[in-house]
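Trainee: Take this structure, written in structure tokens, and hold onto it; I'll ask about it next.
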Amino acid sequence: MGIKTTYWTVSADQPEPEIIQRAAEIIINGGLVAFPTETVYGLGADGTNPQAVRRIFAAKGRPSDNPLILHVACKDEVLGLATEVNAQARQLMQLFWPGPLTLVLPKKPCVPEEVTAGLDTVAIRMPRHPVALALIAASGVPIAAPSANLSGYPSPTTGRHVYEDLAGRIEAVLDSGETGVGLESTVLDLSGPIPVILRPGGVTREELTAVLGTVIVDQGLSDPRQKPKAPGMKYVHYSPRAEVVLIHGPREQNALKIRELVTAYADKGKKIGLLLTRETWRHLPDLKGQVAYAQDLGSCARLEEIAHLLYRELRNCDEARADVVFTETYPEEGIGAALMNRLLKAAGYKVIDS
Ligand code: TXA
Ligand code: MG
């Protein structure tokens, strides 16, 4: 497409002020800038400018009924965007901001309906990344930003991922290396009587329950027959071009099942990607050289590391032109809940018991 995309490499700890200033000018002038956050890269536009916000949807190919998160650089900015910031919201902002927690609150009329897709609530978060915070502060406006991927594809965790998806569609990319968490923020709805997790993410349910007492998880997340409350969660998502198949069971048994599947798929001439835990690889060392792509995701005792790697490795399977990716399930505890949510969606809920 027609636009020249400028690519800036910036320091993650001490972002160069000249580069941030130029990126902020693009935002102020209604342009699109992709930037790193601690979760995934975001595709930013001036959240007060309806025309700029509409361009985000066009660049990503995003359905227009899917609202965006407003990113702020300081906690007080929330007061200008939400009509009611109750005690729970204040407590969570105190404890988890800046960080991977998005709060859904009743919106003020000044928030454009392009941002909220016509809803009467607005999603807000303060990211924990020096580049994101510097860009928002220099722009002087809340930045509306979804993940900076083509709609439906895994979210980007590097500047290169963004460039592959959006070059020619956006004005600039700020690249400061790999993101930390690797999965998106937790979206928590505080607009009703009881807090509801609309999307599991970087801040865990356990952490939220410890503060709030009662937290509900939106049923639409685990039951494909129910409609999720966050509009974005109803779409096919996070999926690479390859078919993703989840194997569920004890690691040793998973290894047996995977060996069987690899043989069957290879016989059909399929190219295979394997994204497995260290514990499972221990039983399959010989398979590493026999498939199109093989990656050790690390120990299943370290789910943070697996979450950090997941999107990058799904993209790597596509780059290796795998037709099918075999990967495993995890306990839905801590960050495991977000990890399983993304894996189930990537797999279209296809799970094989080992
Ligand atoms: O970590 C993240 O949250 C990243 C980084 C860039 O901040 N952003 C991100 O944005 O993941 P996006 O647009 O890919 O996902 C936002 C999710 C969608 O599922 C959307 O439907 C939901 O939040 N959402 C946004 N506003 C909402 C609202 N007012 N009510 C309910 N759900 C909302
Ligand atoms: Mg997204």
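Ordered as shown in the structure tokens, chains take letters A, B, and onward, while each chain numbers its residues from 1 and ligands are numbered from 1 in the order shown.
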Could you give me, as JSON lines, a per-residue list for chain A showing, wherever an atom lies at most 8 Å from an atom of ligand 2, the closest pair of atoms and their distance in Å to one decimal, using only C-alpha atoms and all ligand atoms and sorting by chain then residue number from low to high?

Mentor:
{"residue": "A:Pro146", "atom": "CA", "partner": "ligand 2", "partner_atom_place_in_ligand_line": "1 (Mg)", "distance": 5.5}
{"residue": "A:Ser147", "atom": "CA", "partner": "ligand 2", "partner_atom_place_in_ligand_line": "1 (Mg)", "distance": 4.3}
{"residue": "A:Ala148", "atom": "CA", "partner": "ligand 2", "partner_atom_place_in_ligand_line": "1 (Mg)", "distance": 7.3}
{"residue": "A:Asn149", "atom": "CA", "partner": "ligand 2", "partner_atom_place_in_ligand_line": "1 (Mg)", "distance": 7.1}
{"residue": "A:Ser151", "atom": "CA", "partner": "ligand 2", "partner_atom_place_in_ligand_line": "1 (Mg)", "distance": 7.0}
{"residue": "A:Gly152", "atom": "CA", "partner": "ligand 2", "partner_atom_place_in_ligand_line": "1 (Mg)", "distance": 7.6}
{"residue": "A:Pro154", "atom": "CA", "partner": "ligand 2", "partner_atom_place_in_ligand_line": "1 (Mg)", "distance": 7.9}
{"residue": "A:Ser155", "atom": "CA", "partner": "ligand 2", "partner_atom_place_in_ligand_line": "1 (Mg)", "distance": 6.1}
{"residue": "A:Glu184", "atom": "CA", "partner": "ligand 2", "partner_atom_place_in_ligand_line": "1 (Mg)", "distance": 7.6}
{"residue": "A:Gly232", "atom": "CA", "partner": "ligand 2", "partner_atom_place_in_ligand_line": "1 (Mg)", "distance": 7.5}
{"residue": "A:His237", "atom": "CA", "partner": "ligand 2", "partner_atom_place_in_ligand_line": "1 (Mg)", "distance": 7.9}
{"residue": "A:Tyr238", "atom": "CA", "partner": "ligand 2", "partner_atom_place_in_ligand_line": "1 (Mg)", "distance": 7.9}

Trainee: Generate a file of the selected residues that holds C-alpha atoms, formatted as an mmCIF file, in the first residue's frame.

Mentor:
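Listing of again_39.cif after writing:
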data_model
loop_
_atom_site.group_PDB
_atom_site.id
_atom_site.type_symbol
_atom_site.label_atom_id
_atom_site.label_comp_id
_atom_site.auth_asym_id
_atom_site.auth_seq_id
_atom_site.Cartn_x
_atom_site.Cartn_y
_atom_site.Cartn_z
ATOM 1 C CA PRO A 146 -4.908 -2.351 19.595
ATOM 2 C CA SER A 147 -2.175 -4.939 19.125
ATOM 3 C CA ALA A 148 -0.153 -4.009 16.015
ATOM 4 C CA ASN A 149 -0.874 -7.158 13.970
ATOM 5 C CA SER A 151 -6.517 -8.671 12.501
ATOM 6 C CA GLY A 152 -6.714 -12.362 13.499
ATOM 7 C CA PRO A 154 -0.797 -13.528 16.476
ATOM 8 C CA SER A 155 0.053 -10.243 18.234
ATOM 9 C CA GLU A 184 -1.873 -9.025 26.028
ATOM 10 C CA GLY A 232 -12.805 -8.730 20.364
ATOM 11 C CA HIS A 237 -7.703 -14.885 16.843
ATOM 12 C CA TYR A 238 -4.060 -15.309 17.478
#

Trainee: Write out as a VMD selection string the set of residues from range 99-272 of chain A that DSSP, computed on the backbone, places in helix (DSSP H, G or I).

Mentor: chain A and resid 113 to 116 130 to 139 159 to 166 205 to 212 219 to 221 231 to 234 251 to 267

Trainee: Return as number ranges by chain the residues of protein, DNA or RNA that approach ligand 1 to within 8 Å, with only C-alpha atoms and all ligand atoms taken into account.

Mentor: A: 36-43, 66-69, 71, 100-102, 104-105, 115-117, 119-125, 127, 145-148, 155, 183-187, 189, 198-199, 201-202, 229-233

Trainee: Could the residues in this selection be saved with C-alpha atoms as a PDB file, in the first residue's frame?

Mentor:
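So the final result, stored in out-v3.pdb, reads:
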ATOM      1  CA  PRO A  36       6.330  -1.430  22.234  1.00  0.00           C
ATOM      2  CA  THR A  37       4.532  -2.046  25.504  1.00  0.00           C
ATOM      3  CA  GLU A  38       5.396  -4.597  28.189  1.00  0.00           C
ATOM      4  CA  THR A  39       2.768  -6.980  26.738  1.00  0.00           C
ATOM      5  CA  VAL A  40       2.832  -6.784  22.909  1.00  0.00           C
ATOM      6  CA  TYR A  41       3.396  -4.004  20.349  1.00  0.00           C
ATOM      7  CA  GLY A  42       0.492  -1.571  19.956  1.00  0.00           C
ATOM      8  CA  LEU A  43      -0.691   0.369  16.906  1.00  0.00           C
ATOM      9  CA  ASN A  66     -14.354  -4.126  18.232  1.00  0.00           C
ATOM     10  CA  PRO A  67     -13.458  -1.297  20.661  1.00  0.00           C
ATOM     11  CA  LEU A  68      -9.938  -0.074  21.403  1.00  0.00           C
ATOM     12  CA  ILE A  69      -7.961   0.468  24.602  1.00  0.00           C
ATOM     13  CA  HIS A  71      -3.359   4.169  26.787  1.00  0.00           C
ATOM     14  CA  PRO A 100      -0.714  -5.260  32.025  1.00  0.00           C
ATOM     15  CA  LEU A 101      -4.194  -4.495  33.411  1.00  0.00           C
ATOM     16  CA  THR A 102      -6.907  -2.771  31.350  1.00  0.00           C
ATOM     17  CA  VAL A 104     -13.325  -1.022  31.551  1.00  0.00           C
ATOM     18  CA  LEU A 105     -15.160   1.951  33.065  1.00  0.00           C
ATOM     19  CA  VAL A 115     -12.770   4.218  20.158  1.00  0.00           C
ATOM     20  CA  THR A 116     -15.518   2.414  22.073  1.00  0.00           C
ATOM     21  CA  ALA A 117     -17.379   1.023  19.050  1.00  0.00           C
ATOM     22  CA  LEU A 119     -20.401   1.145  23.837  1.00  0.00           C
ATOM     23  CA  ASP A 120     -21.017   3.305  26.899  1.00  0.00           C
ATOM     24  CA  THR A 121     -17.818   2.035  28.532  1.00  0.00           C
ATOM     25  CA  VAL A 122     -14.166   2.732  27.747  1.00  0.00           C
ATOM     26  CA  ALA A 123     -11.119   0.475  28.250  1.00  0.00           C
ATOM     27  CA  ILE A 124      -8.075   2.226  29.724  1.00  0.00           C
ATOM     28  CA  ARG A 125      -4.586   1.142  30.691  1.00  0.00           C
ATOM     29  CA  PRO A 127       1.490   0.497  30.114  1.00  0.00           C
ATOM     30  CA  ALA A 145      -4.011   1.225  20.413  1.00  0.00           C
ATOM     31  CA  PRO A 146      -4.908  -2.351  19.595  1.00  0.00           C
ATOM     32  CA  SER A 147      -2.175  -4.939  19.125  1.00  0.00           C
ATOM     33  CA  ALA A 148      -0.153  -4.009  16.015  1.00  0.00           C
ATOM     34  CA  SER A 155       0.053 -10.243  18.234  1.00  0.00           C
ATOM     35  CA  LEU A 183       0.610 -11.912  25.849  1.00  0.00           C
ATOM     36  CA  GLU A 184      -1.873  -9.025  26.028  1.00  0.00           C
ATOM     37  CA  SER A 185      -3.141  -7.252  29.126  1.00  0.00           C
ATOM     38  CA  THR A 186      -5.944  -8.562  31.316  1.00  0.00           C
ATOM     39  CA  VAL A 187      -9.217  -6.773  30.482  1.00  0.00           C
ATOM     40  CA  ASP A 189     -14.820  -4.827  33.494  1.00  0.00           C
ATOM     41  CA  LEU A 198     -13.272 -10.199  29.879  1.00  0.00           C
ATOM     42  CA  ARG A 199      -9.848 -11.362  28.726  1.00  0.00           C
ATOM     43  CA  GLY A 201      -3.779 -11.606  30.536  1.00  0.00           C
ATOM     44  CA  GLY A 202      -0.637 -10.344  32.222  1.00  0.00           C
ATOM     45  CA  LYS A 229     -18.597  -9.772  26.600  1.00  0.00           C
ATOM     46  CA  ALA A 230     -15.455  -8.224  25.103  1.00  0.00           C
ATOM     47  CA  PRO A 231     -16.361  -7.839  21.429  1.00  0.00           C
ATOM     48  CA  GLY A 232     -12.805  -8.730  20.364  1.00  0.00           C
ATOM     49  CA  MET A 233     -12.895 -12.146  22.037  1.00  0.00           C
TER      50      MET A 233
END

Trainee: Go through A:Gly31, A:Gly180, A:Pro63, A:Gly140 and flag the residue nearest Ala12 in chain A, using only C-alpha atoms for the distances.

Mentor: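 Closest to Ala12 in chain A of all the choices is A:Gly180.
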
Trainee: When DSSP is applied to the backbone of this structure, which of range 10-231 of chain A are assigned strand (DSSP E or B)? Write them out as a ChimeraX atom specification.

Mentor: /A:33-35,42-46,69-71,82,101-107,121-125,143-144,147,172-175,186-189,196-199,216-217

Trainee: CA of Leu297 in chain A and CA of Arg278 in chain A are how many Å apart?

Mentor: 6.6 Å

Trainee: Counting only C-alpha atoms, which residues of range 140-200 of chain A sit at most 9 Å from some atom of range 206-226 of chain A, and what is each one's closest atom pair with its distance in Å to one decimal, listed by chain and rising residue number, as a tab-separated table?

Mentor:
residue	atom	partner	partner_atom	distance
A:Ile194	CA	A:Val215	CA	6.7
A:Pro195	CA	A:Val215	CA	5.2
A:Val196	CA	A:Ile216	CA	4.7
A:Ile197	CA	A:Val217	CA	4.7
A:Leu198	CA	A:Asp218	CA	5.5
A:Arg199	CA	A:Leu221	CA	7.5
A:Pro200	CA	A:Val217	CA	8.3

Trainee: CA of Gly80 in chain A to CA of Thr48 in chain A: how many Å, to one decimal?

Mentor: 11.6 Å

Trainee: From the list A:Gln253, A:Gln94, A:Gln21, A:Thr6, which residue is nearest Ile352 in chain A when using only C-alpha atoms?

Mentor: A:Gln253

Trainee: Here is a test: counting only C-alpha atoms, which residue of A:His161, A:Ser191, A:Gly44, A:His308 is nearest to Thr83 in chain A?

Mentor: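 Looking at the shortest contact to Thr83 in chain A, the residue is A:Ser191.
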
Trainee: Quick one: residues within 12 Å of Leu309 in chain A, only C-alpha atoms, excluding same-chain residues fewer than 4 positions away - as a ChimeraX atom specification?

Mentor: /A:39-40,154-158,178-183,275-277,295-298,302-305,313-316,339

Trainee: Applying 6 Å and only C-alpha atoms, which residues near Lys108 in chain A remain after dropping the ones on its own chain fewer than 3 positions away? List them as a PyMOL selection string.

Mentor: chain A and resi 81-83+111

Trainee: Which one of A:Glu164, A:Glu243, A:Asp323, A:Ala255 sits closest to Lys350 in chain A if you count only C-alpha atoms?

Mentor: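 When distances to Lys350 in chain A are compared using only C-alpha atoms, the smallest one comes from A:Glu243.
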
Trainee: Can you measure CA of Leu92 in chain A to CA of Gly192 in chain A for me? One decimal in Å is fine.

Mentor: 15.6 Å

Trainee: Residues within 8 Å of Gly118 in chain A, please, as a list in words. Count only C-alpha atoms; anything in the same chain fewer than 4 positions from it doesn't count.

Mentor: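 The residues satisfying every condition are Asp65, Glu113 and Glu114 of chain A.
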
Trainee: Keeping C-alpha atoms for every residue in the selection just given, could you write it to a file as a PDB file, in the first residue's frame?

Mentor:
ATOM      1  CA  ASP A  65     -17.518  -3.294  16.275  1.00  0.00           C
ATOM      2  CA  GLU A 113     -17.480   6.449  19.688  1.00  0.00           C
ATOM      3  CA  GLU A 114     -14.914   5.232  17.157  1.00  0.00           C
TER       4      GLU A 114
END
